[in-house]
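What follows is a set of notes on a single structure, which appears directly below.
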Number of protein chains: 4
Amino acid sequence: MNRKLKMAMIGGGKDAFIGAIHRLALNIDGQVELVAGALSINHEIAIQSGRELFLDEDRIYTDYKILLERESQLPTDKRIDFVSIVTPNFVHFDSAMMALEKGFHVVVEKPITFSLEEAKKLKAKVEQTGLSLLLTHTYTGYPMVKQAKEMIKSGIFGKIKKVFVEYPQGWLSSFIEDKNPQAAWRTDPKKSGISGAMGDIGTHAFNLTEYVTGLKTIELCSMLNTVVEGRNLDDDGAVFLKFEGGATGVLIATQIAAGEENNIKIRVYGEKGGLEWKQDDANSLLIKWMNKPAEIYRAGSGYLSSFAASNCRTPAGHPEGYIEAFANHYRNFMLTIQAQKNNEQPKKEWLDFPSVDEGIRGMAFIENAVASSKSNQKWTKFLI
Amino acid sequence: MNRKLKMAMIGGGKDAFIGAIHRLALNIDGQVELVAGALSINHEIAIQSGRELFLDEDRIYTDYKILLERESQLPTDKRIDFVSIVTPNFVHFDSAMMALEKGFHVVVEKPITFSLEEAKKLKAKVEQTGLSLLLTHTYTGYPMVKQAKEMIKSGIFGKIKKVFVEYPQGWLSSFIEDKNPQAAWRTDPKKSGISGAMGDIGTHAFNLTEYVTGLKTIELCSMLNTVVEGRNLDDDGAVFLKFEGGATGVLIATQIAAGEENNIKIRVYGEKGGLEWKQDDANSLLIKWMNKPAEIYRAGSGYLSSFAASNCRTPAGHPEGYIEAFANHYRNFMLTIQAQKNNEQPKKEWLDFPSVDEGIRGMAFIENAVASSKSNQKWTKFLI
Amino acid sequence: MNRKLKMAMIGGGKDAFIGAIHRLALNIDGQVELVAGALSINHEIAIQSGRELFLDEDRIYTDYKILLERESQLPTDKRIDFVSIVTPNFVHFDSAMMALEKGFHVVVEKPITFSLEEAKKLKAKVEQTGLSLLLTHTYTGYPMVKQAKEMIKSGIFGKIKKVFVEYPQGWLSSFIEDKNPQAAWRTDPKKSGISGAMGDIGTHAFNLTEYVTGLKTIELCSMLNTVVEGRNLDDDGAVFLKFEGGATGVLIATQIAAGEENNIKIRVYGEKGGLEWKQDDANSLLIKWMNKPAEIYRAGSGYLSSFAASNCRTPAGHPEGYIEAFANHYRNFMLTIQAQKNNEQPKKEWLDFPSVDEGIRGMAFIENAVASSKSNQKWTKFLI
Amino acid sequence: MNRKLKMAMIGGGKDAFIGAIHRLALNIDGQVELVAGALSINHEIAIQSGRELFLDEDRIYTDYKILLERESQLPTDKRIDFVSIVTPNFVHFDSAMMALEKGFHVVVEKPITFSLEEAKKLKAKVEQTGLSLLLTHTYTGYPMVKQAKEMIKSGIFGKIKKVFVEYPQGWLSSFIEDKNPQAAWRTDPKKSGISGAMGDIGTHAFNLTEYVTGLKTIELCSMLNTVVEGRNLDDDGAVFLKFEGGATGVLIATQIAAGEENNIKIRVYGEKGGLEWKQDDANSLLIKWMNKPAEIYRAGSGYLSSFAASNCRTPAGHPEGYIEAFANHYRNFMLTIQAQKNNEQPKKEWLDFPSVDEGIRGMAFIENAVASSKSNQKWTKFLI
């Protein structure tokens, strides 16, 4: 096969945020063509957005169901290979299920679904169809996050004992739901789910933690707060985590840390040393040792692990950022699909993208964190 | 009066750690002479240490009781003005009480006593005698910490909503009690008290929090861990804090974060912006705003508050550090004593040193954090 | 017009470096299709590279002359709009001239030509044809560099007095010409020109300086060194700069600073304050003031100038990097072409890309710096 | 001998700057008593300053000659061991010569004298008397600067090829000579000498360079500027340096970089790697390698060289600063004197303080840099 993949996008009209990010990320490597879209349920926005993206007029939709139906009837060489779902959370499940049923691979924004139960059903469908699903937990796409994971896995730090992870934002420090559509739907329980900050960015911190450490959470104790008056969901919180094997952690996710941007950060400590990675210096991985100098591993360097190296595009010192991290997930997902089309085994580095298992654990994290916050008991089992 | 103050030191022999730091700090401003010492209960160490500090042979003791007794019998112009107690925790209370009874001002290392009960008694004694007591919570001596406090107090950030404070160390990542005397006594419940990490450095983080924010803790939820096998006290922990007025916080204190040094750090967020200070960049105070550029306030600059400015010695860009922060407490304490001797009112900037109230809150923090950690209930009232 | 632009690439086969960067940069915004290529003069590499880029077999060439000839004969709606020239330096001039003659807009890697004389001829051709030319001096594509320029232009710092600019690399610290093709051609006077480091990266530093400050260099004094034995061009150098109006500067460009990556950095000082930008923290612009706190301007923030804001893709805190900076030049160039095709006036922000004037000044910089280095006289006039 | 050393101070009254810094530095280690002073030629200031420093009334002078005369007549156990000269530059030579003649060791602020010729005479006197002289080039007192020197000396970086050193200040960005006494004398050729910025802070950068690299400058090319109108000496400059053995360097010293504080910084590169140290992060030494991760050496760590380790007072992570660096020179100087008094060989770490040789090279640097700046010839031999 020697053609670009073809894709459609559900959501992501010109009035939306994350869809545009997805497009930057999927464009960068020149592996895919966006050929169809149900970019908005608003007809005018859908049309205008489609035109700006150079879509053929007859592949611009307002209803994703019609899009999926029609695309599934096109001949193989014309129809889409996959669909990206970038709508508010409450639409994820139905559209992903239908896409899978129609035979399309799926990319879906986090959190994967509206509820844990839906996530489980989606996993069953993925397994039944044998199709691929990419859940866009962006931060594990950074090469230095992959380097961190590999170094921990290698045992170089000894047994892992402690994790600190945090995602501080400030954009919801005051009540802006009435003037900011992003704020409006993300704090609306009907569109966003049972949690605000913990669901929106706590899940990223949680995913990053389990990815980097390889540890599974078994118990937690959370404090979720709704700091801004009139808000309908939590906008701030912290969670104590207990992992299999005895390590513990502290997870912070807040959207009311006025002045903070998006500096998600993780620190992990083993018996012999630790590491620190943060989005604000994304191309560095700081390695700390007990009795020798700390080291700075840098993206694009020759000494990186294969997982890190294969997710770098530029030489060391030419910074790659958020879009490239996002693009890494897309590229790995697309290389996997291409390999499968060609009946080849995808490389292990390509298969390293978040999918339904991460989705299920993320939804469980949300549900357990909310339950713990309401409970008077210190510790809540991490139920799935 | 135109003479240097005179002082004695209890503890701080050549085999100890913190006593040497105290001496650097008290020397720097040339306001005091060390004239007597019960530097060790070991005779040989006491003598050698005293000689190295140029003490007169007849003012070198092994028993602090004898020291205090004898000094109290000297004529006013010869005897000490105050005593610094830099022993392990279990000696603090008795020696401080006796010093006060003998009419000496007191400097005491944190935590102030072995128990909350002792701390209360010590406060009563201080009030009864009218003498001054300095509790050396070093970090509030940094000028940019004082700047932070003043800015929050001014209301520039609006109402405070959130605090993150942490003190990560790594030096106790493995069992070194058998070869490191510092590790030995600090993890020994008989010498250190009911908590290890939370008592040793969690109290610093707690003190820093209440000092900077001006908020009082009213409830907490803690997780204390003993990570290293064979250890007798907690070496790691985290605490959720609830403050009067509704703000919340997360406090982290660990001694098993392998590779970490002493980077105590605090972040505080109000409705309009926030601030960040950390020991690793102690001469900067980062101010973050919602819709305008962040600002970097720098020690030694002309625009600082009077509390910050009066605690700087060098122009901006010539870094001051830990010893100077420590020295600020000593200097303010000594200027207060000098003023009192001269029947003058000490400046408000001089009175800004930690004392018995901070000591009581610190001991209450330890006792409540330990109680919470043992409890199955989520929240524990902050009892004093 | 509602179609993507079409382009060809000259150079940039799979064995090359900068061509791949160009492709990442031009892909990201989804505004252009790569439809033809003379990617290598080696037939096999040309074919393989073309296939990997999904080119039609009949638009894969080894000779750019044939490519340009054939493309110029295609119907308007099929043929390319522009060509990107990413070959070693000695090919730039001929291919760019021919492309312009055939009616294609041109993108060309820096330095623009092999000599100043060629650059002048190229400028004449651009003016004669009315076509657009983009010279890819990447670093002025960064939004915070544009913010710096705008702030200086606004007069907020008073009159500019001093510039420090540097581009330290370490990759040529030893003789690797025999095993690294990039090193081989860049140090070969026949392919690279009369200067090595100063031509390759000194020109970036020079371009950044004149762009940010708006000052024109009028005199210089340089020291160029060939540090590594056996090398045929300078690999290290520094230049004192005198600008119109009296300001002065120091420019450093080296490729033998072992361990350095690509941390190009500029600092500019006026009467009232200064600024600092460096690629290693590309999303921040540090503003320093005489008597008030320094400020950190951040990419993606709401308070940026229109030139900076229109070159950001992500919200503050989601870092953009080198590829996006590169892409900004491409996007502005392409939006300009699109506007012209639609007979619209391009926005002033779109016209802000480096072109022939910057190319001429860059070549003059190389020639004057080389002349000065050879001269025993202190100062050399900046001749064009 | 078991007593503190005794000293006098010449200059350093309450209206001066650097004298107060000296006192902080010499106090910190508790090794010396300030017993006499000619702190000001103004009687009232001299008296007040002396009283504030707890000097006996009969050892407070206005004329250093009388001080030196009288002290030299006191019995050995009462009289001073050394004198610290902290006056403006033009007083250094006479007072230092007389002090040596009277048998006192000498500490003198940089630059050592008013002219190179004086420096040479002073060296002869030091050699003739066998007394010790400390020249307070503060920055080589930092432990991580010593670590840098030791690592370079060990050959770990291969042959040194390149040095970048800079000392940017901003405090003289406008004409403040009329209101700031520090500015007044430092820009007055009669009090300061033939150079302003290059003499005041360029000498620090030069001293740091030769100390850290062990290289001797043999040729230079300088550009000195007087940026601020009405000023009488250079306030800005840069120098190209050529060293014995072929390495080169760029030295920047400016006092008109508005907004800069005192961030003196040095970078040195050898064949295999390089290092970076700056005062703004004084407790770190960044080591960069060609093909492996950079390393961060930290003050107070267990792995440091003996020269670095013996100049640290606090454990890693408790920052030491400018005063401690200053104090290291004093301590090493005083330990050397004490050893000599006790007829012991001073440790090699103690002898590591700047003295007359550094003073001569510094004066030669000033004179050659001024000569080069006036010359039309590119290169000026470094004459001594």
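Identifiers in the structure tokens: chain A, B, ... in order shown; residue index from 1 per chain; ligand index from 1 in order shown.
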
(request) Tell me which protein, DNA and RNA residues are within 6 Å of Ile256 (chain C), counting only C-alpha atoms, leaving out same-chain ones fewer than 2 positions away, and put them as a PyMOL selection string. (result) chain C and resi 170+172-173+254+258

(request) Please provide as number ranges by chain all residues within 9 Å of region 87-101 of chain B, with the sequence filter that same-chain residues fewer than 4 positions apart are discarded (counting only C-alpha atoms). (result) B: 10-12, 16, 18-19, 39-40, 64-65, 68-69, 82-83, 105-114, 118-119, 121-122, 125-126, 129, 131-133, 185-186, 190-193

Only N, CA and C atoms, please: the residues just picked out, written as a compact mmCIF listing (two decimals), in the first residue's frame.
# COMPACT_ATOMS: atom_id res chain seq x y z
N ILE B 10 24.09 25.22 74.08
CA ILE B 10 23.88 23.89 74.66
C ILE B 10 23.70 22.92 73.51
N GLY B 11 24.58 21.92 73.48
CA GLY B 11 24.66 21.08 72.28
C GLY B 11 25.55 21.77 71.26
N GLY B 12 25.72 21.11 70.12
CA GLY B 12 26.49 21.74 69.05
C GLY B 12 27.97 21.46 69.07
N ALA B 16 28.27 17.33 65.94
CA ALA B 16 26.86 17.63 65.68
C ALA B 16 26.72 18.43 64.38
N ILE B 18 23.62 20.84 63.51
CA ILE B 18 22.90 22.11 63.44
C ILE B 18 23.56 23.20 64.29
N GLY B 19 24.32 22.78 65.31
CA GLY B 19 25.00 23.77 66.14
C GLY B 19 25.96 24.61 65.32
N LEU B 39 28.67 22.02 75.13
CA LEU B 39 28.56 21.64 73.72
C LEU B 39 28.36 20.15 73.54
N SER B 40 28.70 19.39 74.57
CA SER B 40 28.53 17.94 74.47
C SER B 40 28.48 17.38 75.86
N TYR B 64 24.49 21.14 81.01
CA TYR B 64 23.92 22.48 80.80
C TYR B 64 23.39 23.09 82.10
N LYS B 65 23.01 22.21 83.02
CA LYS B 65 22.46 22.73 84.28
C LYS B 65 23.52 23.52 85.04
N LEU B 68 24.13 26.85 83.26
CA LEU B 68 23.10 27.87 83.52
C LEU B 68 23.21 28.40 84.95
N GLU B 69 23.48 27.49 85.85
CA GLU B 69 23.62 27.89 87.25
C GLU B 69 24.78 28.88 87.41
N PHE B 82 21.83 35.31 76.43
CA PHE B 82 20.89 34.26 75.99
C PHE B 82 21.64 32.97 75.74
N VAL B 83 20.86 31.93 75.61
CA VAL B 83 21.41 30.60 75.35
C VAL B 83 20.76 30.02 74.11
N HIS B 105 17.31 34.84 77.94
CA HIS B 105 16.55 34.63 76.72
C HIS B 105 16.98 33.31 76.11
N VAL B 106 16.15 32.79 75.21
CA VAL B 106 16.39 31.44 74.69
C VAL B 106 16.22 31.38 73.18
N VAL B 107 17.16 30.69 72.55
CA VAL B 107 16.99 30.26 71.16
C VAL B 107 16.88 28.75 71.19
N VAL B 108 15.90 28.19 70.49
CA VAL B 108 15.77 26.74 70.50
C VAL B 108 15.48 26.22 69.09
N GLU B 109 16.16 25.14 68.77
CA GLU B 109 15.91 24.49 67.48
C GLU B 109 14.51 23.91 67.45
N LYS B 110 13.98 23.80 66.25
CA LYS B 110 12.66 23.17 66.11
C LYS B 110 12.83 21.66 66.05
N PRO B 111 11.83 20.87 66.35
CA PRO B 111 10.57 21.29 66.96
C PRO B 111 10.82 21.75 68.39
N ILE B 112 9.98 22.64 68.84
CA ILE B 112 10.27 23.36 70.08
C ILE B 112 10.47 22.45 71.28
N THR B 113 9.66 21.38 71.31
CA THR B 113 9.73 20.47 72.47
C THR B 113 9.47 19.06 71.98
N PHE B 114 9.28 18.18 72.95
CA PHE B 114 9.04 16.78 72.63
C PHE B 114 7.56 16.51 72.44
N GLU B 118 4.39 19.99 76.56
CA GLU B 118 5.59 20.73 76.96
C GLU B 118 5.62 22.12 76.32
N ALA B 119 5.23 22.18 75.06
CA ALA B 119 5.26 23.47 74.36
C ALA B 119 4.36 24.49 75.06
N LYS B 121 3.57 24.52 78.21
CA LYS B 121 4.21 24.93 79.47
C LYS B 121 5.32 25.95 79.21
N LEU B 122 6.03 25.73 78.13
CA LEU B 122 7.12 26.64 77.80
C LEU B 122 6.56 28.03 77.47
N LYS B 125 5.79 29.83 80.59
CA LYS B 125 7.02 30.31 81.24
C LYS B 125 7.56 31.57 80.54
N VAL B 126 7.53 31.57 79.24
CA VAL B 126 7.99 32.75 78.50
C VAL B 126 7.14 33.96 78.88
N THR B 129 7.95 35.14 82.41
CA THR B 129 9.25 35.80 82.60
C THR B 129 9.40 37.07 81.78
N LEU B 131 10.68 37.13 78.98
CA LEU B 131 11.88 36.96 78.15
C LEU B 131 11.50 36.60 76.71
N SER B 132 12.49 36.68 75.82
CA SER B 132 12.23 36.36 74.41
C SER B 132 12.69 34.96 74.08
N LEU B 133 11.98 34.32 73.19
CA LEU B 133 12.35 32.99 72.72
C LEU B 133 12.29 32.98 71.20
N TRP B 185 19.52 9.55 65.65
CA TRP B 185 18.66 10.17 66.67
C TRP B 185 17.36 10.71 66.07
N ARG B 186 17.42 11.12 64.81
CA ARG B 186 16.20 11.67 64.23
C ARG B 186 15.12 10.62 63.94
N LYS B 190 12.65 7.97 71.03
CA LYS B 190 12.99 8.48 72.37
C LYS B 190 13.68 9.83 72.30
N LYS B 191 14.35 10.09 71.20
CA LYS B 191 15.08 11.35 71.09
C LYS B 191 14.37 12.37 70.21
N SER B 192 13.60 11.84 69.28
CA SER B 192 13.03 12.72 68.25
C SER B 192 11.57 13.07 68.54
N GLY B 193 10.84 12.08 69.07
CA GLY B 193 9.42 12.30 69.32
C GLY B 193 8.57 11.31 68.55

(message) Just checking: using only C-alpha atoms, which residue out of B:Trp350, B:Phe333, B:Tyr303, B:Tyr322 ends up closest to chain C?
(response)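 Looking only at the distances to chain C, the closest residue turns out to be B:Tyr303.
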
For chain C versus chain B, which residues have an atom no more than 7 Å away, and what is each residue's nearest atom pair and distance in Å rounded to one decimal, using only C-alpha atoms, chain-then-number order, as a Markdown table?
| residue | atom | partner | partner_atom | distance |
| --- | --- | --- | --- | --- |
| C:Asn291 | CA | B:Gly302 | CA | 6.7 |
| C:Lys292 | CA | B:Tyr303 | CA | 6.4 |
| C:Pro293 | CA | B:Tyr297 | CA | 5.1 |
| C:Ala294 | CA | B:Ile296 | CA | 5.2 |
| C:Glu295 | CA | B:Glu295 | CA | 4.4 |
| C:Ile296 | CA | B:Ala294 | CA | 5.2 |
| C:Tyr297 | CA | B:Pro293 | CA | 5.1 |
| C:Gly302 | CA | B:Asn291 | CA | 6.7 |
| C:Tyr303 | CA | B:Lys292 | CA | 6.4 |

(request) Please provide as a PyMOL selection string all residues within 8 Å of Gly317 (chain B), with the sequence filter that same-chain residues fewer than 5 positions apart are discarded (counting only C-alpha atoms). (result) (chain B and resi 298-300) or (chain D and resi 261-263+279-280)

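The neighbours of Val165 (chain B) here are the residues that come within 9 Å of it, using only C-alpha atoms and leaving out any residue fewer than 2 positions away in the same chain; they are B:Val163, B:Tyr167, B:Ala205, B:Phe206, B:Leu208, B:Thr209, B:Gly249, B:Val250, B:Leu251, B:Ile252, B:Ala253, B:Ile264, B:Lys265, B:Ile266, B:Arg267, B:Val268.
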
(request) Pick out the residues sitting within 7 Å of region 7-9 of chain A, and hand them over as an NGL selection string; count only C-alpha atoms, and ignore anything fewer than 4 positions along from it in its own chain. (result) :A and (33-39 or 80-85)

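Restricting the calculation to only C-alpha atoms, the smallest distance between Leu220 (chain B) and any of B:Pro75, B:Phe365, B:Ala184, B:Gln169 is found for B:Phe365.
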
(request) Write out as a PyMOL selection string all residues of region 3-244 of chain C that DSSP puts in strand (DSSP E) for this structure's backbone. (result) chain C and resi 5-10+32-38+82-85+105-108+133-135+160-168+217-225+236-243

Residues just named, written with C-alpha atoms as a PDB file, in the first residue's frame:
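Written out: out_22.pdb:
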ATOM      1  CA  LEU C   5      -1.380  25.156  -2.430  1.00  0.00           C
ATOM      2  CA  LYS C   6       0.846  22.787  -4.370  1.00  0.00           C
ATOM      3  CA  MET C   7       4.589  22.612  -4.058  1.00  0.00           C
ATOM      4  CA  ALA C   8       7.723  20.795  -5.079  1.00  0.00           C
ATOM      5  CA  MET C   9      10.887  20.214  -3.125  1.00  0.00           C
ATOM      6  CA  ILE C  10      14.434  20.415  -4.450  1.00  0.00           C
ATOM      7  CA  VAL C  32      -0.245  22.730   1.129  1.00  0.00           C
ATOM      8  CA  GLU C  33       0.335  19.514  -0.748  1.00  0.00           C
ATOM      9  CA  LEU C  34       3.763  18.292  -1.730  1.00  0.00           C
ATOM     10  CA  VAL C  35       3.187  17.021  -5.263  1.00  0.00           C
ATOM     11  CA  ALA C  36       6.596  16.902  -6.904  1.00  0.00           C
ATOM     12  CA  GLY C  37      10.229  16.573  -5.995  1.00  0.00           C
ATOM     13  CA  ALA C  38      13.814  16.501  -7.169  1.00  0.00           C
ATOM     14  CA  PHE C  82       5.976  27.208  -5.186  1.00  0.00           C
ATOM     15  CA  VAL C  83       9.178  25.293  -4.723  1.00  0.00           C
ATOM     16  CA  SER C  84      11.254  24.725  -1.616  1.00  0.00           C
ATOM     17  CA  ILE C  85      14.998  24.591  -2.130  1.00  0.00           C
ATOM     18  CA  HIS C 105       7.304  31.407  -5.726  1.00  0.00           C
ATOM     19  CA  VAL C 106      10.367  30.227  -3.863  1.00  0.00           C
ATOM     20  CA  VAL C 107      11.331  29.041  -0.415  1.00  0.00           C
ATOM     21  CA  VAL C 108      15.056  28.753   0.114  1.00  0.00           C
ATOM     22  CA  LEU C 133      10.551  34.429  -1.682  1.00  0.00           C
ATOM     23  CA  LEU C 134      10.842  33.002   1.803  1.00  0.00           C
ATOM     24  CA  LEU C 135      14.287  32.651   3.318  1.00  0.00           C
ATOM     25  CA  ILE C 160      18.616  50.575  22.363  1.00  0.00           C
ATOM     26  CA  LYS C 161      22.218  50.581  23.561  1.00  0.00           C
ATOM     27  CA  LYS C 162      23.505  47.023  23.613  1.00  0.00           C
ATOM     28  CA  VAL C 163      22.960  43.622  22.042  1.00  0.00           C
ATOM     29  CA  PHE C 164      24.409  40.250  23.023  1.00  0.00           C
ATOM     30  CA  VAL C 165      23.593  37.394  20.687  1.00  0.00           C
ATOM     31  CA  GLU C 166      25.032  33.914  20.576  1.00  0.00           C
ATOM     32  CA  TYR C 167      24.577  30.597  18.871  1.00  0.00           C
ATOM     33  CA  PRO C 168      26.711  27.941  20.532  1.00  0.00           C
ATOM     34  CA  THR C 217      25.011  46.993  11.345  1.00  0.00           C
ATOM     35  CA  ILE C 218      27.486  49.534   9.990  1.00  0.00           C
ATOM     36  CA  GLU C 219      30.855  48.268  11.177  1.00  0.00           C
ATOM     37  CA  LEU C 220      32.303  45.112  12.618  1.00  0.00           C
ATOM     38  CA  CYS C 221      35.404  43.464  14.040  1.00  0.00           C
ATOM     39  CA  SER C 222      35.616  39.699  13.908  1.00  0.00           C
ATOM     40  CA  MET C 223      37.733  36.801  15.077  1.00  0.00           C
ATOM     41  CA  LEU C 224      37.091  33.582  13.126  1.00  0.00           C
ATOM     42  CA  ASN C 225      38.889  30.432  14.155  1.00  0.00           C
ATOM     43  CA  ASP C 236      34.165  29.181  15.742  1.00  0.00           C
ATOM     44  CA  GLY C 237      33.997  32.927  15.887  1.00  0.00           C
ATOM     45  CA  ALA C 238      32.867  36.133  17.484  1.00  0.00           C
ATOM     46  CA  VAL C 239      32.094  39.581  16.119  1.00  0.00           C
ATOM     47  CA  PHE C 240      31.864  43.027  17.653  1.00  0.00           C
ATOM     48  CA  LEU C 241      29.050  44.943  15.971  1.00  0.00           C
ATOM     49  CA  LYS C 242      28.433  48.677  15.635  1.00  0.00           C
ATOM     50  CA  PHE C 243      24.950  49.751  14.674  1.00  0.00           C
TER      51      PHE C 243
END

(request) Just list the residues in region 347-378 of chain D DSSP gives helix (DSSP H, G or I) on the backbone, as a list in words. (result)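 Across region 347-378 of chain D, those assigned helix (DSSP H, G or I) are Val356, Asp357, Glu358, Gly359, Ile360, Arg361, Gly362, Met363, Ala364, Phe365, Ile366, Glu367, Asn368, Ala369, Val370, Ala371, Ser372, Ser373 and Lys374 of chain D.
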